[in-house]
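Structure data follow from input_39.csv (CSV, C-alpha atoms):
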chain,number,residue,atom,x,y,z
A,18,MET,CA,-92.8,6.5,21.1
A,19,LEU,CA,-96.1,8.4,20.3
A,20,ALA,CA,-95.6,10.4,23.5
A,21,ARG,CA,-92.1,11.4,22.4
A,22,ALA,CA,-93.4,12.5,19.0
A,23,LEU,CA,-96.0,14.8,20.7
A,24,GLU,CA,-93.6,16.1,23.3
A,25,GLN,CA,-91.2,17.1,20.5
A,26,VAL,CA,-93.7,19.6,19.1
A,27,GLY,CA,-94.2,21.0,22.6
A,28,VAL,CA,-97.3,19.1,23.8
A,29,SER,CA,-96.7,17.8,27.3
A,30,THR,CA,-97.6,14.1,27.7
A,31,THR,CA,-98.3,11.7,30.4
A,32,SER,CA,-98.9,8.0,29.6
A,33,ILE,CA,-100.3,4.9,31.2
A,34,SER,CA,-97.9,1.9,30.9
A,35,LEU,CA,-99.1,-1.7,31.0
A,36,VAL,CA,-95.7,-3.3,30.2
A,37,ARG,CA,-93.0,-1.8,32.4
A,38,GLU,CA,-90.2,-3.6,30.5
A,39,HIS,CA,-91.2,-1.9,27.2
A,40,THR,CA,-91.6,1.5,28.8
A,41,GLU,CA,-88.2,1.3,30.4
A,42,LYS,CA,-86.8,0.9,26.9
A,43,VAL,CA,-88.9,3.4,25.0
A,44,LYS,CA,-88.6,6.1,27.7
A,45,PRO,CA,-91.7,8.3,27.2
A,46,PRO,CA,-91.3,11.6,29.0
A,47,ARG,CA,-93.8,10.6,31.8
A,48,ALA,CA,-95.4,7.3,32.4
A,49,LEU,CA,-97.4,5.6,35.2
A,50,PHE,CA,-97.0,1.8,35.3
A,51,VAL,CA,-100.2,0.2,36.4
A,52,PRO,CA,-100.3,-3.5,37.4
A,53,PHE,CA,-103.5,-4.3,35.5
A,54,PRO,CA,-104.2,-6.7,32.6
A,55,PHE,CA,-104.4,-5.6,29.0
A,56,GLY,CA,-107.8,-4.1,28.4
A,57,MET,CA,-107.9,-2.6,31.9
A,58,ALA,CA,-105.6,0.4,31.8
A,59,PHE,CA,-107.7,2.4,34.4
A,60,GLY,CA,-108.2,-0.5,36.8
A,61,ARG,CA,-111.7,-1.8,36.7
A,62,PRO,CA,-114.9,-1.1,34.6
A,63,ASP,CA,-117.6,0.8,36.4
A,64,ASP,CA,-115.2,1.7,39.2
A,65,PRO,CA,-114.9,5.6,38.9
A,66,GLU,CA,-113.0,5.8,42.2
A,67,LEU,CA,-110.2,3.6,41.1
A,68,GLN,CA,-110.2,5.1,37.7
A,69,HIS,CA,-109.8,8.6,39.3
A,70,ARG,CA,-106.9,7.3,41.4
A,71,VAL,CA,-105.1,6.1,38.2
A,72,LEU,CA,-105.9,9.3,36.4
A,73,ARG,CA,-104.6,11.4,39.3
A,74,GLY,CA,-101.4,9.3,39.4
A,75,ALA,CA,-100.8,10.0,35.7
A,76,LEU,CA,-101.6,13.7,36.0
A,77,ASP,CA,-99.4,14.2,39.0
A,78,LEU,CA,-96.3,13.3,36.9
A,79,LEU,CA,-96.8,16.6,35.0
A,80,ALA,CA,-95.4,18.5,38.1
A,81,GLU,CA,-92.1,16.7,37.8
A,82,PRO,CA,-89.2,19.1,36.9
A,83,ALA,CA,-87.3,16.6,34.7
A,84,GLY,CA,-87.7,13.3,33.0
A,85,PRO,CA,-88.1,10.7,31.8
A,86,VAL,CA,-90.2,9.7,34.8
A,87,LEU,CA,-91.5,6.2,35.2
A,88,ARG,CA,-93.6,5.7,38.4
A,89,ASP,CA,-95.4,2.6,39.7
A,90,PHE,CA,-99.0,2.9,40.7
A,91,PRO,CA,-99.2,1.7,44.3
A,92,LEU,CA,-101.8,-1.0,44.0
A,93,ASP,CA,-101.6,-4.5,42.8
A,94,LEU,CA,-104.8,-6.5,42.3
A,95,GLU,CA,-104.4,-9.7,44.1
A,96,PRO,CA,-103.1,-12.5,41.9
A,97,GLY,CA,-106.1,-14.5,40.6
A,98,ASP,CA,-108.4,-11.5,40.9
A,99,GLN,CA,-108.1,-10.9,37.2
A,100,PRO,CA,-106.5,-13.3,34.6
A,101,ALA,CA,-103.7,-11.8,32.5
A,102,ALA,CA,-105.8,-12.5,29.4
A,103,PRO,CA,-109.0,-14.5,28.7
A,104,PRO,CA,-108.5,-18.1,27.8
A,105,GLN,CA,-108.3,-18.9,24.1
A,106,ALA,CA,-110.6,-21.2,22.2
A,107,SER,CA,-107.9,-23.8,22.0
A,108,GLY,CA,-107.7,-24.0,25.8
A,109,ILE,CA,-111.5,-24.7,26.2
A,110,THR,CA,-113.0,-28.1,25.5
A,111,PRO,CA,-116.5,-27.8,23.9
A,112,ALA,CA,-119.3,-29.4,25.9
A,113,GLU,CA,-120.8,-32.6,24.5
A,114,GLN,CA,-124.2,-31.1,24.1
A,115,ILE,CA,-124.1,-27.9,22.0
A,116,PRO,CA,-127.2,-26.5,20.2
A,117,ASP,CA,-127.2,-27.2,16.5
A,118,ASP,CA,-129.0,-24.2,15.2
A,119,VAL,CA,-126.7,-21.1,15.3
A,120,ALA,CA,-129.3,-18.8,13.6
A,121,MET,CA,-131.9,-19.7,16.2
A,122,GLU,CA,-129.4,-19.3,19.1
A,123,THR,CA,-128.4,-15.9,17.6
A,124,THR,CA,-132.0,-14.8,17.5
A,125,GLN,CA,-132.3,-15.7,21.2
A,126,MET,CA,-129.1,-13.8,22.0
A,127,ARG,CA,-130.5,-10.8,20.2
A,128,ARG,CA,-133.3,-10.6,22.8
A,129,TYR,CA,-130.7,-10.6,25.6
A,130,HIS,CA,-128.7,-8.1,23.7
A,131,GLU,CA,-131.8,-5.8,23.6
A,132,ARG,CA,-131.9,-6.0,27.4
A,133,TRP,CA,-128.2,-5.1,27.4
A,134,LEU,CA,-129.0,-2.0,25.3
A,135,GLU,CA,-131.8,-1.0,27.7
A,136,LYS,CA,-129.5,-1.4,30.7
A,137,SER,CA,-126.4,0.3,29.1
A,138,GLY,CA,-128.3,3.3,27.7
A,139,GLY,CA,-127.6,2.1,24.1
A,140,ARG,CA,-123.9,1.5,24.6
A,141,THR,CA,-122.6,-1.4,22.4
A,142,HIS,CA,-119.5,-2.3,20.6
A,143,LEU,CA,-121.5,-3.8,17.8
A,144,GLY,CA,-120.9,-2.0,14.5
A,145,LEU,CA,-117.7,-3.2,12.8
A,146,THR,CA,-119.7,-4.7,9.8
A,147,GLY,CA,-122.3,-2.0,9.9
A,148,ILE,CA,-125.0,-4.8,9.8
A,149,PRO,CA,-127.7,-4.3,12.4
A,150,ALA,CA,-128.3,-7.0,14.9
A,151,MET,CA,-131.7,-7.8,13.5
A,152,ARG,CA,-130.0,-9.0,10.4
A,153,PHE,CA,-127.4,-11.2,12.1
A,154,ARG,CA,-129.1,-14.4,10.8
A,155,GLY,CA,-127.7,-13.4,7.4
A,156,VAL,CA,-124.2,-13.0,9.0
A,157,VAL,CA,-124.6,-16.5,10.5
A,158,ARG,CA,-125.7,-18.0,7.1
A,159,PHE,CA,-122.7,-16.3,5.5
A,160,LEU,CA,-120.2,-17.7,8.1
A,161,GLU,CA,-121.8,-21.2,7.9
A,162,GLY,CA,-121.5,-21.2,4.1
A,163,PHE,CA,-117.9,-20.1,4.4
A,164,ALA,CA,-117.1,-22.7,6.9
A,165,ASP,CA,-118.7,-25.3,4.6
A,166,GLY,CA,-116.2,-24.4,1.9
A,167,GLN,CA,-118.6,-22.4,-0.3
A,168,ASP,CA,-117.4,-19.6,-2.6
A,169,ILE,CA,-119.5,-17.1,-0.7
A,170,ASP,CA,-119.6,-13.3,-0.1
A,171,MET,CA,-122.0,-10.7,1.4
A,172,ALA,CA,-123.4,-7.7,-0.4
A,173,GLU,CA,-122.6,-5.7,2.8
A,174,ARG,CA,-118.9,-6.2,2.4
A,175,PRO,CA,-117.3,-2.9,1.4
A,176,PRO,CA,-115.4,-3.2,-1.8
A,177,ASP,CA,-112.2,-2.0,-0.2
A,178,THR,CA,-112.4,-4.6,2.7
A,179,PRO,CA,-110.8,-7.9,1.7
A,180,LEU,CA,-112.9,-11.0,2.4
A,181,PRO,CA,-110.8,-12.4,5.3
A,182,ASN,CA,-110.9,-9.0,7.1
A,183,PHE,CA,-114.7,-8.8,6.6
A,184,ILE,CA,-115.0,-12.4,8.0
A,185,ARG,CA,-113.0,-11.2,11.0
A,186,TYR,CA,-115.4,-8.2,11.5
A,187,CYS,CA,-118.4,-10.6,11.2
A,188,ALA,CA,-116.9,-12.8,13.9
A,189,ASP,CA,-116.1,-9.8,16.1
A,190,ASP,CA,-119.7,-8.5,15.8
A,191,LEU,CA,-121.1,-11.9,16.5
A,192,LYS,CA,-118.9,-12.3,19.6
A,193,THR,CA,-120.0,-8.8,20.8
A,194,LEU,CA,-123.7,-9.7,20.4
A,195,TYR,CA,-123.1,-12.8,22.6
A,196,PHE,CA,-120.7,-11.2,25.1
A,197,GLU,CA,-122.9,-8.2,25.7
A,198,GLY,CA,-126.0,-10.4,25.7
A,199,HIS,CA,-124.3,-12.6,28.4
A,200,LEU,CA,-123.6,-9.4,30.4
A,201,ALA,CA,-127.3,-8.6,30.3
A,202,MET,CA,-127.9,-12.0,31.9
A,203,LYS,CA,-125.0,-11.9,34.3
A,204,PRO,CA,-123.8,-8.3,34.8
A,205,ALA,CA,-120.8,-9.3,37.0
A,206,ALA,CA,-119.4,-11.9,34.6
A,207,GLY,CA,-115.8,-11.5,33.8
A,208,GLY,CA,-114.0,-12.1,30.5
A,209,GLU,CA,-112.8,-15.6,31.5
A,210,GLU,CA,-116.3,-16.8,32.5
A,211,ILE,CA,-117.8,-15.4,29.2
A,212,ALA,CA,-115.0,-16.9,27.1
A,213,ARG,CA,-115.6,-20.4,28.7
A,214,TRP,CA,-119.3,-20.1,28.0
A,215,PHE,CA,-118.9,-18.9,24.5
A,216,TRP,CA,-116.3,-21.3,23.3
A,217,GLY,CA,-117.5,-24.2,25.4
A,218,GLU,CA,-121.3,-24.1,25.2
A,219,THR,CA,-122.6,-22.1,22.2
A,220,ALA,CA,-123.3,-23.0,18.7
A,221,ALA,CA,-121.8,-19.7,17.6
A,222,GLY,CA,-118.5,-20.6,19.3
A,223,ARG,CA,-118.4,-23.9,17.5
A,224,LEU,CA,-119.2,-22.2,14.1
A,225,LEU,CA,-116.3,-19.7,14.7
A,226,ARG,CA,-113.9,-22.6,15.3
A,227,ARG,CA,-114.9,-24.0,11.9
A,228,VAL,CA,-114.5,-20.6,10.2
A,229,ARG,CA,-111.1,-20.4,11.8
A,230,ASP,CA,-110.2,-23.9,10.4
A,231,ARG,CA,-111.0,-22.9,6.8
A,232,LEU,CA,-109.1,-19.6,7.1
A,233,ASP,CA,-106.1,-21.4,8.7
A,234,ALA,CA,-106.0,-24.1,6.0
A,235,SER,CA,-105.2,-21.4,3.4
A,236,THR,CA,-101.7,-20.6,2.3
A,237,ASP,CA,-102.6,-16.9,2.0
A,238,PRO,CA,-101.0,-15.1,5.0
A,239,ARG,CA,-104.0,-12.7,5.2
A,240,TRP,CA,-106.3,-15.6,5.6
A,241,LYS,CA,-104.1,-17.1,8.3
A,242,ALA,CA,-103.9,-13.8,10.1
A,243,ALA,CA,-107.7,-13.6,10.1
A,244,ALA,CA,-107.9,-17.1,11.4
A,245,PHE,CA,-105.6,-16.1,14.3
A,246,GLY,CA,-108.0,-13.3,15.2
A,247,VAL,CA,-111.2,-15.3,14.9
A,248,ALA,CA,-110.2,-18.1,17.3
A,249,ARG,CA,-106.8,-19.1,18.6
B,16,MET,CA,-99.8,-6.9,35.4
B,17,PRO,CA,-99.4,-7.7,32.9
B,18,ARG,CA,-96.5,-8.6,35.3
B,19,LEU,CA,-94.5,-10.9,33.0
B,20,ASP,CA,-94.1,-13.5,35.7
B,21,ARG,CA,-97.8,-14.0,35.7
B,22,LEU,CA,-98.3,-14.5,32.0
B,23,SER,CA,-98.1,-17.8,30.0
B,24,GLN,CA,-94.8,-18.6,28.5
B,25,ILE,CA,-96.0,-17.8,25.0
B,26,ALA,CA,-97.5,-14.4,26.1
B,27,ARG,CA,-94.3,-13.6,28.1
B,28,ASN,CA,-92.0,-14.4,25.1
B,29,ASN,CA,-94.2,-12.4,22.8
B,30,LEU,CA,-93.7,-9.4,25.0
B,31,LEU,CA,-90.0,-10.0,25.7
B,32,THR,CA,-89.3,-10.3,22.0
B,33,PHE,CA,-91.5,-7.3,21.1
B,34,PRO,CA,-89.4,-4.9,19.0
B,35,ALA,CA,-89.7,-2.0,21.5
B,36,GLN,CA,-87.6,1.1,20.6
B,37,VAL,CA,-84.6,1.7,22.8
B,38,ASN,CA,-83.9,5.3,23.8
B,39,ASP,CA,-81.5,6.9,26.3
B,40,THR,CA,-83.2,10.2,27.0
B,41,ALA,CA,-86.7,11.7,26.5
B,42,PRO,CA,-87.9,15.0,25.1
B,43,PHE,CA,-89.4,16.9,28.0
B,44,ALA,CA,-91.8,19.9,27.6
B,45,ARG,CA,-93.1,21.1,31.0
B,46,PRO,CA,-96.7,22.4,30.9
B,47,ALA,CA,-96.8,26.2,31.0
B,48,ARG,CA,-99.9,26.3,33.2
B,49,SER,CA,-101.2,24.5,36.3
B,50,LEU,CA,-103.5,21.6,35.6
B,51,ALA,CA,-106.5,23.6,36.7
B,52,ALA,CA,-105.8,25.9,33.7
B,53,CYS,CA,-104.6,23.2,31.3
B,54,ARG,CA,-106.5,22.0,28.2
B,55,LEU,CA,-106.1,18.3,27.8
B,56,ALA,CA,-106.8,15.7,25.1
B,57,ILE,CA,-106.8,11.9,25.2
B,58,VAL,CA,-104.5,10.2,22.7
B,59,THR,CA,-105.3,6.5,22.8
B,60,THR,CA,-103.7,3.5,21.2
B,61,ALA,CA,-106.8,1.3,22.0
B,62,GLY,CA,-108.1,1.3,18.4
B,63,LEU,CA,-111.2,3.2,19.4
B,64,HIS,CA,-113.2,5.4,17.0
B,65,ARG,CA,-116.7,6.7,16.3
B,66,ARG,CA,-119.2,4.2,15.1
B,67,GLY,CA,-119.2,4.4,11.3
B,68,ASP,CA,-115.7,5.8,11.1
B,69,ARG,CA,-113.1,3.9,9.0
B,70,LEU,CA,-112.1,0.7,10.9
B,71,PHE,CA,-108.5,0.1,11.9
B,72,THR,CA,-106.8,-2.8,10.2
B,73,PRO,CA,-103.8,-4.7,11.7
B,74,GLY,CA,-100.6,-2.7,11.4
B,75,ASP,CA,-102.6,0.5,10.5
B,76,GLN,CA,-100.5,3.5,11.3
B,77,THR,CA,-103.1,6.1,10.6
B,78,TYR,CA,-105.3,7.8,13.3
B,79,ARG,CA,-108.9,8.7,13.9
B,80,MET,CA,-110.3,11.9,15.4
B,81,ILE,CA,-112.9,11.6,18.1
B,82,ALA,CA,-114.6,14.9,18.9
B,83,SER,CA,-114.3,15.4,22.7
B,84,ASP,CA,-118.1,15.8,23.0
B,85,THR,CA,-118.8,12.5,21.4
B,86,PRO,CA,-121.2,10.5,23.5
B,87,THR,CA,-119.5,7.4,24.9
B,88,VAL,CA,-122.2,5.2,23.3
B,89,GLU,CA,-120.9,6.3,19.9
B,90,ILE,CA,-117.4,5.0,20.5
B,91,ILE,CA,-116.4,1.5,19.4
B,92,GLN,CA,-113.2,-0.5,19.1
B,93,SER,CA,-111.9,-2.1,16.0
B,94,HIS,CA,-108.7,-3.3,17.6
B,95,THR,CA,-110.1,-6.7,18.6
B,96,SER,CA,-107.1,-8.7,19.3
B,97,ILE,CA,-108.0,-11.8,21.3
B,98,GLY,CA,-104.8,-11.2,23.4
B,99,PHE,CA,-106.8,-8.9,25.7
B,100,ASP,CA,-110.2,-9.1,27.4
B,101,ARG,CA,-112.8,-6.9,25.6
B,102,VAL,CA,-115.4,-7.3,28.2
B,103,PRO,CA,-114.1,-4.4,30.4
B,104,THR,CA,-114.3,-2.1,27.4
B,105,MET,CA,-117.8,-3.3,26.6
B,106,ARG,CA,-118.9,-2.6,30.2
B,107,ASP,CA,-117.2,0.8,30.4
B,108,VAL,CA,-115.2,2.6,27.8
B,109,ASN,CA,-113.6,4.7,30.5
B,110,ILE,CA,-111.3,1.7,31.2
B,111,SER,CA,-109.1,2.9,28.3
B,112,PHE,CA,-110.7,6.2,27.3
B,113,PRO,CA,-111.5,8.0,30.6
B,114,ILE,CA,-113.5,10.8,29.1
B,115,ASP,CA,-116.2,10.8,31.8
B,116,ARG,CA,-113.5,11.0,34.5
B,117,LEU,CA,-112.0,14.0,32.8
B,118,ARG,CA,-115.3,15.7,32.6
B,119,GLU,CA,-115.7,15.1,36.3
B,120,LEU,CA,-112.3,16.7,37.0
B,121,ILE,CA,-113.3,19.7,34.9
B,122,ALA,CA,-116.6,20.0,36.8
B,123,ARG,CA,-114.6,20.0,40.1
B,124,GLY,CA,-112.3,22.7,38.8
B,125,GLU,CA,-109.2,20.5,38.9
B,126,LEU,CA,-108.7,20.5,35.1
B,127,GLY,CA,-109.0,23.5,32.8
B,128,GLY,CA,-110.8,21.8,29.9
B,129,LEU,CA,-110.7,19.5,27.0
B,130,GLY,CA,-109.3,20.2,23.6
B,131,PRO,CA,-111.9,19.9,20.8
B,132,SER,CA,-110.7,16.5,19.7
B,133,CYS,CA,-109.1,13.3,21.0
B,134,TYR,CA,-107.1,11.1,18.8
B,135,SER,CA,-106.9,7.4,18.4
B,136,PHE,CA,-104.3,5.0,17.0
B,137,MET,CA,-104.2,1.2,16.7
B,138,GLY,CA,-102.3,-0.7,19.3
B,139,ALA,CA,-99.8,-3.6,19.3
B,140,GLN,CA,-97.8,-2.1,16.5
B,141,ARG,CA,-94.6,-3.7,15.5
B,142,GLU,CA,-93.8,-1.3,12.7
B,143,VAL,CA,-94.1,2.3,13.8
B,144,ALA,CA,-91.9,4.2,11.3
B,145,ARG,CA,-94.9,6.1,9.8
B,146,ILE,CA,-96.3,7.0,13.2
B,147,GLU,CA,-92.9,8.3,14.3
B,148,SER,CA,-92.2,10.3,11.3
B,149,GLU,CA,-95.6,11.3,10.0
B,150,THR,CA,-98.9,10.6,11.8
B,151,GLY,CA,-97.6,11.1,15.3
B,152,PRO,CA,-96.0,14.5,14.6
B,153,GLU,CA,-99.2,15.4,12.7
B,154,VAL,CA,-101.3,14.7,15.7
B,155,GLY,CA,-98.9,16.7,17.8
B,156,ARG,CA,-99.2,19.7,15.5
B,157,ARG,CA,-103.0,19.4,15.5
B,158,LEU,CA,-103.1,19.3,19.3
B,159,ARG,CA,-100.8,22.3,19.5
B,160,ASP,CA,-102.9,24.3,17.0
B,161,GLU,CA,-106.0,23.4,19.1
B,162,GLY,CA,-104.5,24.9,22.1
B,163,VAL,CA,-103.9,21.6,23.9
B,164,ASP,CA,-101.3,21.7,26.7
B,165,VAL,CA,-101.4,18.1,27.8
B,166,ALA,CA,-102.0,14.8,26.1
B,167,LEU,CA,-103.0,11.8,28.2
B,168,ILE,CA,-101.8,8.7,26.4
B,169,THR,CA,-103.7,5.6,27.1
B,170,PRO,CA,-103.3,2.0,25.9
B,171,THR,CA,-105.7,-0.8,25.3

Can you turn what I pasted into structure tokens?
Amino acid sequence: MLARALEQVGVSTTSISLVREHTEKVKPPRALFVPFPFGMAFGRPDDPELQHRVLRGALDLLAEPAGPVLRDFPLDLEPGDQPAAPPQASGITPAEQIPDDVAMETTQMRRYHERWLEKSGGRTHLGLTGIPAMRFRGVVRFLEGFADGQDIDMAERPPDTPLPNFIRYCADDLKTLYFEGHLAMKPAAGGEEIARWFWGETAAGRLLRRVRDRLDASTDPRWKAAAFGVAR
Amino acid sequence: MPRLDRLSQIARNNLLTFPAQVNDTAPFARPARSLAACRLAIVTTAGLHRRGDRLFTPGDQTYRMIASDTPTVEIIQSHTSIGFDRVPTMRDVNISFPIDRLRELIARGELGGLGPSCYSFMGAQREVARIESETGPEVGRRLRDEGVDVALITPT
């Protein structure tokens, strides 16, 4: 649909398609269907050779004389190599022993996250709340207060960001701190392994389930939508 | 994948009932130059943007500009649906925004160059009327004015 809008003003487009069934209906001018999970349009992270093959496959379509063109990328990752999507919180049973102190755990994770920053050259997806990692104990206290039913807010919430959206961003930043921190410990960990660890073994995972429960108990659809994004 | 037969029943139904637009034909503008002379820009629907830029919200039909010389460490994602794995993007933003791969193609002389800006939209949109009538064509005109021949459109 976006491709069609661009092509209509004369810009040639070539697209990567992750859902062949949708692309068949929408008919963008040129699309390469790739058999990869959502979040992995160019194959695998840190695999420039595979990424170049996908890119080349998409760019080759520009030589086609007429369209629409929908071509299949000639590689399928073996079933089981990558899950279609990471497991959701509801599909993971928490361990019997989980640390109590989220703030202390977060402080520990921040040390791992500093290692991640050293290894990644400063690359991080933290930053949705704009609150630096060294002040995440404040984020944790805010989320704990919210989960406990308090009428609570943070001074850092921008006035044009509704409370449930800000809670969602806090949850996303907290997950990012943990996920990237885990990657510093285990660089080859995939999304499924990290999700099982986060939702099954961490105090932060348990806190986010409680945050989800309070959001979900609301009758306000915006709160329910945020609940769906925090933990499903 | 996501090959539908490998997804959970819920995820499969979600995709099968997704209100995808149905078209019979496609507009088709062949590039006037060979790839080695073309200027290209990425247009992504992965909800990426510069750190500090306005965050995307669910259903947001606006777009963000990402200058093509933006260091990859400055690019973050505010589309954070838990329906996809964010770990690959954390490890390597090229998984949906292959800016380093494009720079390599330019260095090898296989691609002419990059436009001054790439553009980013939010993904998983069910209501796209404003993108179709307003923000999509606006990005198209910007690309055209910036001398861009080809847009590479990438999903989450």

Residue list as an MDAnalysis selection string for point (-93.4, 5.9, 34.8), cut-off 8 Å, all atoms listed in the file: chainID A and resid 32:34 40 47:50 85:89

Shell of 9 Å around Ser107 (chain A), all atoms listed in the file, local chain residues under 4 positions omitted, as a ChimeraX atom specification: /A:216,248-249

Close residues, region 22-24 of chain A itself excluded, 10 Å, all atoms listed in the file, min 3 positions apart in chain, as a VMD selection string: (chain A and resid 18 to 19 27 to 31 45 to 46) or (chain B and resid 41 to 45 58 146 to 159 165 to 166)

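Minimum distance to Val157 (chain A) across A:Cys187, A:Leu200, A:Leu180, A:Leu143 (counting all atoms listed in the file) occurs at A:Cys187.
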
Per residue of chain B within 6 Å of chain A, what are the shortest atom pair and its distance in Å to one decimal, counting all atoms listed in the file, with rows by chain and residue number, as a tab-separated table?
residue	atom	partner	partner_atom	distance
B:Met16	CA	A:Pro52	CA	4.0
B:Pro17	CA	A:Pro54	CA	4.9
B:Ala35	CA	A:His39	CA	5.9
B:Gln36	CA	A:Val43	CA	5.1
B:Val37	CA	A:Lys42	CA	4.7
B:Asn38	CA	A:Val43	CA	5.5
B:Ala41	CA	A:Pro46	CA	5.2
B:Phe43	CA	A:Pro46	CA	5.7
B:Ala44	CA	A:Ser29	CA	5.3
B:Pro46	CA	A:Ser29	CA	5.8
B:Val88	CA	A:Arg140	CA	4.3
B:Ile91	CA	A:His142	CA	5.0
B:Phe99	CA	A:Phe55	CA	5.2
B:Asp100	CA	A:Gly56	CA	5.6
B:Val102	CA	A:Gly208	CA	5.5
B:Pro103	CA	A:Pro62	CA	5.4
B:Asp107	CA	A:Pro62	CA	5.2
B:Ile110	CA	A:Phe59	CA	4.9
B:Ser111	CA	A:Ala58	CA	5.5
B:Gly151	CA	A:Ala22	CA	5.8
B:Pro152	CA	A:Ala22	CA	5.5
B:Gly155	CA	A:Leu23	CA	4.5
B:Asp164	CA	A:Val28	CA	5.6
B:Val165	CA	A:Ser29	CA	4.7
B:Ala166	CA	A:Thr30	CA	4.7
B:Leu167	CA	A:Thr31	CA	5.2
B:Ile168	CA	A:Ser32	CA	4.4
B:Thr169	CA	A:Ile33	CA	5.4
B:Thr171	CA	A:Gly56	CA	5.0

Pairwise distance for CA of Phe159 (chain A) and CA of Thr95 (chain B), rounded to one decimal in Å: 20.6 Å
